[in-house]
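Text of the file my_file-v7.cif, holding mmCIF, C-alpha atoms:
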data_coords
#
loop_
_atom_site.label_atom_id
_atom_site.label_comp_id
_atom_site.auth_asym_id
_atom_site.auth_seq_id
_atom_site.Cartn_x
_atom_site.Cartn_y
_atom_site.Cartn_z
CA MET A 1227 0.00 0.00 0.00
CA GLU A 1228 1.52 3.36 -1.00
CA PRO A 1229 0.23 6.59 0.54
CA ALA A 1230 0.20 9.33 -2.07
CA GLU A 1231 3.14 11.70 -1.78
CA GLY A 1232 2.50 14.67 0.46
CA LEU A 1233 -0.98 13.58 1.51
CA GLY A 1234 -1.86 12.81 5.10
CA ALA A 1235 -4.23 10.09 6.19
CA LEU A 1236 -7.40 11.34 4.58
CA GLY A 1237 -6.75 14.90 5.73
CA PHE A 1238 -9.27 16.38 3.33
CA HIS A 1239 -10.50 19.04 5.76
CA ASN A 1240 -7.10 20.74 5.58
CA ASP A 1241 -6.59 20.22 1.86
CA GLU A 1242 -5.36 23.58 0.59
CA GLU A 1243 -6.43 22.72 -2.96
CA ILE A 1244 -10.11 22.95 -2.06
CA ILE A 1245 -10.81 26.58 -2.83
CA GLU A 1246 -14.59 26.64 -2.61
CA VAL A 1247 -17.21 24.81 -0.60
CA VAL A 1248 -20.29 24.63 -2.75
CA GLU A 1249 -23.09 23.51 -0.46
CA LEU A 1250 -23.84 21.94 2.90
CA GLY A 1251 -25.85 18.74 3.15
CA PRO A 1252 -26.97 16.51 0.30
CA PRO A 1253 -29.33 18.02 -2.27
CA GLY A 1254 -32.91 16.77 -2.12
CA PRO A 1255 -34.61 14.75 -4.86
CA ASP A 1256 -36.30 17.83 -6.27
CA ASP A 1257 -33.00 19.74 -6.48
CA LEU A 1258 -31.33 16.90 -8.36
CA ALA A 1259 -34.27 16.36 -10.66
CA ASP A 1260 -34.32 20.12 -11.41
CA GLU A 1261 -30.57 20.00 -12.00
CA MET A 1262 -31.01 17.24 -14.57
CA GLU A 1263 -33.83 19.22 -16.21
CA ASP A 1264 -31.26 21.96 -16.97
CA VAL A 1265 -28.90 19.59 -18.76
CA ASP A 1266 -28.73 20.17 -22.49
CA PHE A 1267 -29.24 16.88 -24.29
CA ASP A 1268 -28.95 16.35 -28.03
CA ASP A 1269 -30.80 13.52 -29.66
CA ASP A 1270 -28.47 12.75 -32.52
CA GLY A 1271 -27.30 9.36 -31.25
CA GLY A 1272 -27.14 6.75 -33.98
CA ASP A 1273 -27.50 3.01 -33.88
CA GLU A 1274 -24.50 0.73 -33.81
CA PRO A 1275 -24.02 -2.68 -35.41
CA ASP A 1276 -24.86 -5.84 -33.51
CA ALA A 1277 -22.37 -7.39 -31.12
CA GLU A 1278 -20.61 -10.64 -31.88
CA ALA A 1279 -22.18 -13.81 -30.56
CA TRP A 1280 -21.96 -14.20 -26.81
CA GLU A 1281 -19.74 -17.01 -25.59
CA THR A 1282 -19.67 -18.53 -22.13
CA GLU A 1283 -17.34 -20.90 -20.40
CA ASP A 1284 -19.24 -24.06 -19.55
CA ASP A 1285 -19.97 -24.64 -15.88
CA GLU A 1286 -17.08 -22.59 -14.56
CA GLY A 1287 -16.86 -22.90 -10.78
CA VAL A 1288 -19.40 -25.71 -10.54
CA GLU A 1289 -18.59 -28.30 -7.93
CA ASP A 1290 -20.05 -31.73 -7.30
CA GLY A 1291 -22.66 -31.83 -4.59
CA MET A 1292 -23.37 -28.10 -4.66
CA GLU A 1293 -27.07 -28.71 -5.17
CA ALA A 1294 -27.43 -30.91 -2.08
CA GLN A 1295 -28.28 -28.01 0.27
CA ASP A 1296 -30.98 -25.43 -0.45
CA ASP A 1297 -31.47 -22.65 2.09
CA SER A 1298 -33.61 -20.53 -0.24
CA GLU A 1299 -37.25 -19.59 0.35
CA VAL A 1300 -38.22 -18.99 -3.30
CA THR A 1301 -36.79 -20.21 -6.63
CA PHE A 1302 -37.51 -18.40 -9.88
CA SER A 1303 -37.08 -20.81 -12.81
CA LEU A 1304 -38.37 -19.12 -15.97
CA HIS A 1305 -34.90 -18.50 -17.43
CA SER A 1306 -33.56 -21.21 -19.72
CA ALA A 1307 -29.86 -20.25 -19.50
CA SER A 1308 -27.43 -18.52 -17.10
CA VAL A 1309 -28.98 -15.58 -15.23
CA PHE A 1310 -26.52 -12.68 -15.32
CA CYS A 1311 -28.08 -9.81 -13.38
CA VAL A 1312 -30.63 -8.93 -10.71
CA ASN A 1313 -32.02 -5.80 -9.06
CA ILE A 1314 -34.68 -5.28 -6.36
CA ASP A 1315 -37.15 -2.44 -6.71
CA PRO A 1316 -36.07 0.23 -4.18
CA LYS A 1317 -39.50 1.67 -3.39
CA THR A 1318 -41.44 -1.39 -2.21
CA ASN A 1319 -38.73 -4.11 -2.19
CA MET A 1320 -41.45 -6.43 -3.52
CA LEU A 1321 -40.24 -6.93 -7.11
CA ALA A 1322 -37.05 -8.24 -8.68
CA VAL A 1323 -35.85 -7.96 -12.27
CA THR A 1324 -33.50 -10.58 -13.72
CA GLY A 1325 -31.77 -10.81 -17.10
CA GLY A 1326 -30.06 -13.78 -18.70
CA GLU A 1327 -28.17 -15.51 -21.46
CA ASP A 1328 -31.52 -16.62 -22.92
CA ASP A 1329 -32.02 -13.01 -24.22
CA LYS A 1330 -34.83 -12.58 -21.69
CA ALA A 1331 -35.60 -10.31 -18.73
CA PHE A 1332 -38.40 -10.86 -16.24
CA VAL A 1333 -39.96 -8.75 -13.49
CA TRP A 1334 -41.28 -11.00 -10.69
CA ARG A 1335 -42.44 -10.98 -7.08
CA VAL A 1336 -39.82 -11.89 -4.49
CA SER A 1337 -42.46 -13.18 -2.05
CA ASP A 1338 -43.50 -16.13 -4.21
CA GLY A 1339 -41.60 -15.95 -7.53
CA GLU A 1340 -44.79 -15.05 -9.42
CA LEU A 1341 -44.13 -13.43 -12.82
CA SER A 1342 -45.28 -9.81 -13.09
CA PHE A 1343 -44.25 -9.30 -16.73
CA GLU A 1344 -41.60 -10.17 -19.31
CA CYS A 1345 -39.37 -7.44 -20.75
CA SER A 1346 -39.54 -8.87 -24.26
CA GLY A 1347 -37.78 -8.03 -27.51
CA HIS A 1348 -34.10 -8.43 -26.64
CA LYS A 1349 -31.86 -10.08 -29.23
CA ASP A 1350 -28.80 -10.87 -27.11
CA SER A 1351 -27.89 -11.82 -23.54
CA VAL A 1352 -29.47 -9.39 -21.06
CA THR A 1353 -26.56 -8.30 -18.88
CA CYS A 1354 -28.02 -5.16 -17.25
CA ALA A 1355 -31.39 -4.75 -15.54
CA SER A 1356 -32.43 -2.28 -12.85
CA PHE A 1357 -35.25 -0.17 -11.44
CA SER A 1358 -35.25 3.63 -11.32
CA TYR A 1359 -34.78 5.25 -7.90
CA ASP A 1360 -38.58 5.50 -7.37
CA SER A 1361 -39.45 2.11 -8.95
CA VAL A 1362 -41.54 3.82 -11.65
CA PHE A 1363 -39.39 2.42 -14.47
CA VAL A 1364 -37.31 -0.69 -15.07
CA ALA A 1365 -34.50 -0.68 -17.65
CA THR A 1366 -33.04 -3.74 -19.38
CA GLY A 1367 -29.98 -3.80 -21.60
CA ASP A 1368 -28.47 -6.58 -23.73
CA MET A 1369 -24.90 -7.16 -24.90
CA SER A 1370 -25.58 -5.94 -28.42
CA GLY A 1371 -26.52 -2.54 -27.00
CA LEU A 1372 -30.32 -2.62 -27.17
CA ILE A 1373 -31.70 -0.83 -24.09
CA LYS A 1374 -35.41 -0.86 -23.23
CA VAL A 1375 -37.33 0.93 -20.48
CA TRP A 1376 -40.67 -0.27 -19.14
CA ARG A 1377 -43.20 1.43 -16.91
CA VAL A 1378 -43.67 -0.91 -13.95
CA ASP A 1379 -47.32 -0.15 -13.14
CA THR A 1380 -48.63 -0.49 -16.72
CA LYS A 1381 -46.04 -3.14 -17.73
CA GLU A 1382 -45.59 -1.30 -21.05
CA GLU A 1383 -42.42 -0.43 -22.91
CA VAL A 1384 -42.00 3.37 -22.97
CA TRP A 1385 -38.59 3.82 -24.63
CA SER A 1386 -35.82 1.93 -26.40
CA PHE A 1387 -32.49 2.84 -27.94
CA GLU A 1388 -29.57 1.01 -29.52
CA VAL A 1389 -25.94 1.84 -28.77
CA GLY A 1390 -22.71 -0.10 -29.36
CA ASP A 1391 -21.82 -3.20 -27.35
CA LEU A 1392 -23.09 -2.50 -23.82
CA GLU A 1393 -20.65 -2.70 -20.89
CA TRP A 1394 -22.73 -1.30 -17.99
CA MET A 1395 -25.87 0.69 -17.24
CA GLU A 1396 -27.08 2.67 -14.20
CA TRP A 1397 -30.00 4.86 -13.18
CA HIS A 1398 -29.50 8.35 -11.75
CA PRO A 1399 -30.05 8.27 -7.95
CA GLN A 1400 -32.78 10.96 -7.95
CA ALA A 1401 -34.03 11.52 -11.51
CA HIS A 1402 -35.43 9.55 -14.46
CA VAL A 1403 -32.06 9.64 -16.19
CA LEU A 1404 -30.16 6.59 -17.44
CA LEU A 1405 -26.38 6.34 -17.91
CA ALA A 1406 -24.62 3.58 -19.87
CA GLY A 1407 -21.09 2.77 -21.03
CA THR A 1408 -20.19 1.07 -24.30
CA ALA A 1409 -17.28 -0.79 -25.89
CA ASP A 1410 -16.37 2.18 -28.11
CA GLY A 1411 -15.41 4.19 -25.02
CA ASN A 1412 -18.48 6.41 -24.95
CA SER A 1413 -20.84 6.93 -22.04
CA TRP A 1414 -24.44 7.82 -22.88
CA MET A 1415 -27.01 9.69 -20.81
CA TRP A 1416 -30.75 9.84 -21.58
CA LYS A 1417 -33.76 11.49 -20.04
CA ILE A 1418 -36.55 8.95 -19.71
CA PRO A 1419 -39.04 8.69 -21.32
CA SER A 1420 -38.32 11.65 -23.65
CA GLY A 1421 -35.03 10.07 -24.81
CA ASP A 1422 -33.08 13.35 -24.91
CA CYS A 1423 -29.48 12.22 -25.26
CA LYS A 1424 -25.97 13.31 -24.27
CA THR A 1425 -22.66 11.51 -24.86
CA PHE A 1426 -19.35 11.64 -23.01
CA GLN A 1427 -16.47 10.63 -25.22
CA GLY A 1428 -13.81 8.56 -23.52
CA PRO A 1429 -10.60 7.05 -24.94
CA ALA A 1430 -10.91 4.68 -27.91
CA CYS A 1431 -11.36 1.61 -25.69
CA PRO A 1432 -14.28 0.15 -23.73
CA ALA A 1433 -15.84 2.10 -20.84
CA THR A 1434 -15.72 -0.96 -18.57
CA CYS A 1435 -17.49 0.36 -15.44
CA GLY A 1436 -19.25 3.45 -14.19
CA ARG A 1437 -21.11 4.99 -11.29
CA ILE A 1438 -23.11 8.20 -10.80
CA LEU A 1439 -21.89 9.92 -7.64
CA PRO A 1440 -24.37 10.63 -4.81
CA ASP A 1441 -24.54 14.37 -5.64
CA GLY A 1442 -26.19 13.38 -8.93
CA LYS A 1443 -24.05 15.90 -10.79
CA ARG A 1444 -20.95 13.82 -11.51
CA ALA A 1445 -20.17 10.32 -12.72
CA VAL A 1446 -16.99 8.28 -12.47
CA VAL A 1447 -16.16 6.02 -15.43
CA GLY A 1448 -13.34 3.48 -15.70
CA TYR A 1449 -11.81 2.32 -18.97
CA GLU A 1450 -9.99 -0.66 -20.41
CA ASP A 1451 -6.73 1.30 -20.80
CA GLY A 1452 -6.51 1.74 -17.00
CA THR A 1453 -7.67 5.36 -16.97
CA MET A 1454 -10.51 6.83 -14.94
CA ARG A 1455 -12.50 10.00 -15.60
CA ILE A 1456 -14.83 12.03 -13.41
CA TRP A 1457 -17.46 13.66 -15.64
CA ASP A 1458 -19.60 16.73 -15.03
CA LEU A 1459 -23.00 15.47 -16.18
CA LYS A 1460 -24.47 18.91 -16.78
CA GLN A 1461 -21.55 20.42 -18.72
CA GLY A 1462 -20.49 17.17 -20.39
CA THR A 1463 -16.88 17.93 -19.49
CA SER A 1464 -14.20 15.82 -17.84
CA LEU A 1465 -13.37 17.22 -14.37
CA HIS A 1466 -10.47 14.88 -13.58
CA VAL A 1467 -8.53 12.22 -15.50
CA LEU A 1468 -6.39 9.62 -13.78
CA LYS A 1469 -3.87 8.05 -16.13
CA GLY A 1470 -0.23 7.00 -16.32
CA GLN A 1471 1.25 6.67 -12.82
CA ASP A 1472 -2.03 7.70 -11.18
CA GLY A 1473 -4.17 5.35 -13.27
CA HIS A 1474 -4.15 1.55 -13.32
CA LYS A 1475 -1.81 -0.62 -15.38
CA ASP A 1476 -4.66 -2.86 -16.55
CA PRO A 1477 -8.39 -2.50 -17.31
CA LEU A 1478 -10.69 -1.21 -14.57
CA THR A 1479 -13.25 -3.76 -13.38
CA CYS A 1480 -15.29 -1.79 -10.82
CA VAL A 1481 -15.78 1.61 -9.20
CA ALA A 1482 -17.57 2.69 -6.02
CA SER A 1483 -18.09 5.81 -3.95
CA ASN A 1484 -18.72 6.42 -0.27
CA GLN A 1485 -22.05 7.75 0.99
CA ASP A 1486 -21.32 11.46 0.49
CA GLY A 1487 -19.32 10.98 -2.71
CA SER A 1488 -16.14 12.50 -1.29
CA LEU A 1489 -14.17 9.30 -1.86
CA ILE A 1490 -14.02 7.04 -4.90
CA MET A 1491 -12.44 3.60 -5.08
CA THR A 1492 -11.38 1.91 -8.32
CA GLY A 1493 -10.50 -1.76 -8.85
CA SER A 1494 -8.56 -3.31 -11.69
CA VAL A 1495 -7.20 -6.45 -13.31
CA ASP A 1496 -3.83 -5.25 -11.94
CA CYS A 1497 -5.03 -6.32 -8.44
CA HIS A 1498 -4.78 -2.79 -7.05
CA ALA A 1499 -7.58 -0.76 -5.51
CA LYS A 1500 -7.07 3.01 -5.52
CA LEU A 1501 -8.68 5.45 -3.11
CA ILE A 1502 -9.32 8.84 -4.72
CA ASN A 1503 -10.47 12.23 -3.41
CA SER A 1504 -13.31 13.07 -5.79
CA ALA A 1505 -13.00 16.84 -5.25
CA THR A 1506 -9.31 17.04 -6.20
CA GLY A 1507 -9.01 13.94 -8.37
CA LYS A 1508 -5.90 12.94 -6.40
CA VAL A 1509 -5.02 9.39 -5.36
CA VAL A 1510 -5.08 9.20 -1.56
CA CYS A 1511 -3.62 5.70 -1.31
CA VAL A 1512 -3.25 2.43 -3.19
CA PHE A 1513 -4.32 -0.85 -1.60
CA LYS A 1514 -2.14 -3.75 -2.77
CA MET A 1515 -2.28 -7.33 -1.64
CA GLU A 1516 1.50 -7.71 -1.28
CA ASN A 1517 1.16 -10.64 1.10
CA MET A 1518 -0.95 -12.71 -1.28
CA ALA A 1519 0.64 -16.03 -2.16
CA PRO A 1520 2.00 -15.87 -5.71
CA LYS A 1521 0.14 -17.99 -8.23
CA ALA A 1522 1.75 -21.22 -9.33
CA PRO A 1523 3.11 -21.06 -12.89
CA ALA A 1524 0.99 -22.86 -15.45
CA GLY A 1525 2.02 -26.30 -16.58
CA GLU A 1526 2.10 -27.35 -20.20
CA GLY A 1527 -1.30 -26.89 -21.82
CA GLU A 1528 -2.68 -25.05 -18.77
CA GLU A 1529 -3.59 -21.41 -18.47
CA ALA A 1530 -1.84 -19.37 -15.78
CA GLU A 1531 -4.11 -18.62 -12.85
CA SER A 1532 -5.00 -14.96 -12.81
CA ASN A 1533 -6.15 -12.64 -10.06
CA SER A 1534 -7.97 -9.31 -10.18
CA VAL A 1535 -10.20 -7.00 -8.16
CA GLU A 1536 -13.77 -8.07 -8.96
CA SER A 1537 -15.87 -5.91 -6.64
CA LEU A 1538 -15.50 -3.24 -3.97
CA GLY A 1539 -17.54 -0.97 -1.74
CA PHE A 1540 -17.62 1.38 1.26
CA CYS A 1541 -19.21 0.80 4.65
CA ASN A 1542 -21.77 3.51 5.55
CA VAL A 1543 -21.37 3.33 9.34
CA MET A 1544 -17.60 2.93 9.83
CA PRO A 1545 -14.52 4.13 7.92
CA LEU A 1546 -14.09 0.74 6.23
CA ALA A 1547 -13.90 -0.46 2.63
CA ALA A 1548 -14.08 -3.99 1.25
CA VAL A 1549 -12.32 -5.38 -1.82
CA GLY A 1550 -13.15 -8.77 -3.32
CA TYR A 1551 -10.60 -10.64 -5.46
CA LEU A 1552 -10.87 -13.36 -8.06
CA ASP A 1553 -8.62 -15.63 -5.95
CA GLY A 1554 -11.28 -15.65 -3.21
CA THR A 1555 -9.77 -13.05 -0.86
CA LEU A 1556 -12.08 -10.55 0.81
CA ALA A 1557 -9.94 -7.70 2.14
CA ILE A 1558 -11.36 -5.24 4.70
CA TYR A 1559 -9.38 -1.99 4.77
CA ASP A 1560 -9.41 0.66 7.51
CA LEU A 1561 -9.67 4.02 5.73
CA SER A 1562 -8.54 6.10 8.70
CA THR A 1563 -5.20 4.26 8.91
CA GLN A 1564 -5.15 3.18 5.25
CA SER A 1565 -4.24 -0.34 6.33
CA LEU A 1566 -5.50 -3.90 5.93
CA ARG A 1567 -7.79 -4.79 8.83
CA HIS A 1568 -8.99 -8.30 7.93
CA LYS A 1569 -8.45 -10.89 5.24
CA CYS A 1570 -11.35 -13.33 4.80
CA GLN A 1571 -10.60 -16.27 2.54
CA HIS A 1572 -13.08 -17.98 0.21
CA GLU A 1573 -12.28 -21.24 -1.56
CA SER A 1574 -13.55 -19.85 -4.86
CA GLY A 1575 -13.37 -16.47 -6.56
CA ILE A 1576 -15.54 -13.61 -5.32
CA VAL A 1577 -17.97 -12.38 -7.97
CA GLN A 1578 -19.51 -9.47 -6.10
CA LEU A 1579 -19.75 -7.89 -2.65
CA LEU A 1580 -22.33 -5.57 -1.08
CA TRP A 1581 -22.45 -3.78 2.28
CA GLU A 1582 -25.57 -3.66 4.41
CA GLU A 1583 -26.95 -0.12 4.35
CA SER A 1584 -26.79 0.53 8.08
CA SER A 1585 -24.27 -1.89 9.59
CA ALA A 1586 -20.72 -3.15 9.25
CA VAL A 1587 -21.86 -6.41 7.60
CA VAL A 1588 -20.57 -7.22 4.12
CA TYR A 1589 -22.09 -9.85 1.82
CA THR A 1590 -20.14 -11.84 -0.78
CA CYS A 1591 -21.20 -14.22 -3.52
CA SER A 1592 -18.72 -16.52 -5.18
CA LEU A 1593 -18.06 -19.11 -7.84
CA ASP A 1594 -18.78 -21.92 -5.35
CA GLY A 1595 -22.48 -20.97 -5.36
CA ALA A 1596 -22.68 -19.61 -1.81
CA VAL A 1597 -23.67 -16.26 -0.28
CA ARG A 1598 -21.75 -15.35 2.86
CA LEU A 1599 -22.23 -12.61 5.46
CA TRP A 1600 -19.12 -11.24 7.20
CA ASP A 1601 -18.74 -9.02 10.26
CA ALA A 1602 -16.23 -6.44 9.05
CA ARG A 1603 -15.31 -5.47 12.61
CA SER A 1604 -14.10 -8.93 13.58
CA GLY A 1605 -13.44 -10.43 10.14
CA LYS A 1606 -15.55 -13.45 11.12
CA MET A 1607 -18.18 -15.09 8.92
CA ILE A 1608 -21.70 -14.64 10.34
CA SER A 1609 -23.56 -17.07 8.10
CA GLU A 1610 -23.55 -18.87 4.77
CA TYR A 1611 -26.44 -19.65 2.40
CA ARG A 1612 -26.45 -22.26 -0.34
CA GLY A 1613 -28.93 -23.52 -2.89
CA HIS A 1614 -27.45 -23.02 -6.34
CA SER A 1615 -25.87 -25.87 -8.32
CA ALA A 1616 -23.56 -23.48 -10.22
CA GLU A 1617 -21.67 -20.25 -9.62
CA ILE A 1618 -23.57 -17.16 -8.44
CA LEU A 1619 -23.25 -14.41 -11.05
CA ASP A 1620 -25.01 -11.50 -9.33
CA PHE A 1621 -27.01 -10.72 -6.19
CA ALA A 1622 -28.98 -7.93 -4.55
CA VAL A 1623 -29.90 -7.11 -0.94
CA ASN A 1624 -33.13 -5.36 -0.01
CA LYS A 1625 -33.22 -2.15 2.05
CA ASP A 1626 -33.71 -3.63 5.51
CA ALA A 1627 -31.26 -6.46 4.79
CA SER A 1628 -33.89 -9.15 5.34
CA ILE A 1629 -33.58 -10.88 1.95
CA VAL A 1630 -30.95 -11.59 -0.67
CA VAL A 1631 -31.84 -12.40 -4.29
CA THR A 1632 -29.20 -14.32 -6.25
CA THR A 1633 -28.76 -15.31 -9.90
CA SER A 1634 -26.69 -18.20 -11.16
CA GLY A 1635 -25.27 -20.22 -14.00
CA ASP A 1636 -27.79 -22.93 -13.04
CA HIS A 1637 -30.53 -20.92 -14.89
CA GLN A 1638 -32.22 -19.95 -11.61
CA ALA A 1639 -32.72 -16.97 -9.33
CA LYS A 1640 -33.27 -17.59 -5.63
CA VAL A 1641 -34.55 -15.61 -2.66
CA PHE A 1642 -32.85 -16.16 0.73
CA CYS A 1643 -34.15 -14.83 4.05
CA VAL A 1644 -31.15 -13.52 5.97
CA GLN A 1645 -32.83 -11.59 8.80
CA ARG A 1646 -31.30 -12.45 12.15
CA PRO A 1647 -32.74 -11.49 15.54
CA ASP A 1648 -29.29 -10.50 16.86
CA ARG A 1649 -28.59 -8.01 14.06
#

Same coordinates, now as structure tokens:
Amino acid sequence: MEPAEGLGALGFHNDEEIIEVVELGPPGPDDLADEMEDVDFDDDGGDEPDAEAWETEDDEGVEDGMEAQDDSEVTFSLHSASVFCVNIDPKTNMLAVTGGEDDKAFVWRVSDGELSFECSGHKDSVTCASFSYDSVFVATGDMSGLIKVWRVDTKEEVWSFEVGDLEWMEWHPQAHVLLAGTADGNSWMWKIPSGDCKTFQGPACPATCGRILPDGKRAVVGYEDGTMRIWDLKQGTSLHVLKGQDGHKDPLTCVASNQDGSLIMTGSVDCHAKLINSATGKVVCVFKMENMAPKAPAGEGEEAESNSVESLGFCNVMPLAAVGYLDGTLAIYDLSTQSLRHKCQHESGIVQLLWEESSAVVYTCSLDGAVRLWDARSGKMISEYRGHSAEILDFAVNKDASIVVTTSGDHQAKVFCVQRPDR
């Protein structure tokens, strides 16, 4: 771990480079929605050609006997191939949307797995699916770049658009605005349902990950060339660019921000996680897993084992951050001392991690088909839930942390009750 030259341990309050404090307290939903109303969109976006055929590795991470135990309450089985993505509606927490390799997306009830409606018309694997902040809309996106938006109450499609090969997609936290990143390096922003459009031109390589910051005015986007940009959504300009020494050596895999958006963390194939001050664009520190055991060299005809940062996130209630690695390591870092606090080992690679909204509990899902809950204060595992017969590819936690919805290579989505009386 290398503290950035000349920077104290997160001493942002004394940072002489901050020359203006804009506002106190987070803006309300109306402020952010009004802010997005002022953004000038053009609607000259054109369609892009179809993506190449989607290929998957057969049964990666599947182990014998994984299907023996099933802790789930509900199983959703309408998909006929791997289920890639899931999101829970934030308003009522009663609906889930899932998308899969079968070119299908479904909205269904988490209480009993009953289908609400199918988001039909996709022509490639649906890799992105999520509800707007108020659960009025649900957006689905496939690999070829076809994005559709549906109104949840009427179950009708209200908008669609085709971009280049889709890498990621996210709703604005307080407005009916959708952001997406594509393989040509561009990020796209649309007002929904009018479809007014704005593009943010990145380097000539895929925009691999992105996140709208909590202020609703900026977005952070990571790219395949190891660079990261912070964009001003209203002006369409790049506020900060991290590249070269400050950027990553390899493609970015994930980005996250803390609750007030003052800190950003980026993860990469280079196994480093970087902590960045979003106001100055400066790297505060770099988290490296120096004490990880080196991978054994590949034998003849074998591929070398690789490692990378797969997922990361900030705790809302303590100055902690979690980083999940492909080799199965969950690292809990203390932000105040910029040091490793706990290392929690999984037998298989971590696919994704999520923090509970109001506690120091972090959830992981992995290639061995299990969901695990960890106490970040002690580094101990709280509980483990199984039920899938293949790797878990995505999961979501509802607001009060009572249920987890998972999707898997076994063609199923499952609902697990994780509420514990002692938490």

Stretch 1567-1606 of chain A near stretch 1484-1493 of chain A within 12 Å: what's each residue's closest atom pair and its distance in Å to one decimal, counting only C-alpha atoms, ordered by chain then ascending residue number, as JSON lines?
{"residue": "A:Trp1581", "atom": "CA", "partner": "A:Asn1484", "partner_atom": "CA", "distance": 11.2}
{"residue": "A:Glu1583", "atom": "CA", "partner": "A:Gln1485", "partner_atom": "CA", "distance": 9.9}
{"residue": "A:Ser1584", "atom": "CA", "partner": "A:Gln1485", "partner_atom": "CA", "distance": 11.2}

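Look at A:Thr1555: the protein and nucleic acid residues within 7 Å of it, using all atoms listed in the file and passing over chain neighbours fewer than 4 places away, are A:Gly1550, A:Tyr1551, A:Lys1569, A:Cys1570, A:Gln1571, A:His1572.
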
(message) With 9 Å as the threshold, what does the neighbourhood of (-30.7, -7.1, -22.8) contain in terms of residues, counting all atoms listed in the file? Coordinates are those of the file; answer as a count of residues only.
(response) 26

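Evaluating the PyMOL selection byres ((chain A and resi 1557-1560) around 9) against the shown model yields Phe1513, Met1515, Met1544, Pro1545, Leu1546, Ala1547, Ala1548, Val1549, Gly1550, Tyr1551, Thr1555, Leu1556, Leu1561, Ser1562, Thr1563, Gln1564, Ser1565, Leu1566, Arg1567, His1568, Lys1569, Cys1570, Gln1571, Ala1602, Arg1603 and Gly1605 of chain A.
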
Taking the file above as input, evaluate the PyMOL selection byres ((chain A and resi 1449) around 8) and report the hits as an mmCIF file with C-alpha atoms, keeping the file's coordinate frame.
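After the write, result29.cif holds the following:
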data_model
loop_
_atom_site.group_PDB
_atom_site.id
_atom_site.type_symbol
_atom_site.label_atom_id
_atom_site.label_comp_id
_atom_site.auth_asym_id
_atom_site.auth_seq_id
_atom_site.Cartn_x
_atom_site.Cartn_y
_atom_site.Cartn_z
ATOM 1 C CA GLY A 1411 -15.410 4.190 -25.020
ATOM 2 C CA GLY A 1428 -13.810 8.560 -23.520
ATOM 3 C CA PRO A 1429 -10.600 7.050 -24.940
ATOM 4 C CA CYS A 1431 -11.360 1.610 -25.690
ATOM 5 C CA PRO A 1432 -14.280 0.150 -23.730
ATOM 6 C CA ALA A 1433 -15.840 2.100 -20.840
ATOM 7 C CA THR A 1434 -15.720 -0.960 -18.570
ATOM 8 C CA CYS A 1435 -17.490 0.360 -15.440
ATOM 9 C CA VAL A 1447 -16.160 6.020 -15.430
ATOM 10 C CA GLY A 1448 -13.340 3.480 -15.700
ATOM 11 C CA GLU A 1450 -9.990 -0.660 -20.410
ATOM 12 C CA ASP A 1451 -6.730 1.300 -20.800
ATOM 13 C CA GLY A 1452 -6.510 1.740 -17.000
ATOM 14 C CA THR A 1453 -7.670 5.360 -16.970
ATOM 15 C CA MET A 1454 -10.510 6.830 -14.940
ATOM 16 C CA PRO A 1477 -8.390 -2.500 -17.310
ATOM 17 C CA LEU A 1478 -10.690 -1.210 -14.570
#

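Residues matched by the PyMOL selection byres ((chain A and resi 1312) around 7) in this file: Cys1311, Asn1313, Ile1314, Ala1322, Val1323, Thr1324, Gly1325, Ala1355, Asp1620, Phe1621, Ala1622 and Thr1633 of chain A.
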
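Between atom CA of A:Gln1471 and atom CA of A:Gly1507 lies a distance of 13.3 Å.
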
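Atom to atom, atom CA of A:Thr1590 and atom CA of A:Gly1407 stand 25.0 Å apart.
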
How big is the axis-aligned box, and where does its centre sit, when it encloses all atoms of stretch 1377-1392 of chain A listed in the file and has 4 Å added on every side, reported in Å to one decimal as AutoDock Vina command-line options?
--center_x -35.2 --center_y 0.3 --center_z -21.3 --size_x 34.8 --size_y 15.0 --size_z 24.4

(message) One number please: atom CA of A:Val1333 to atom CA of A:Gly1390, in Å, one decimal.
(response) 25.0 Å

(request) Excluding A:His1614 and any residue of its chain fewer than 5 positions from it, enumerate the residues within 12 Å of it, using all atoms listed in the file, and give them as a PyMOL selection string. (result) chain A and resi 1287-1298+1300-1303+1308-1309+1591-1597+1619+1631-1642
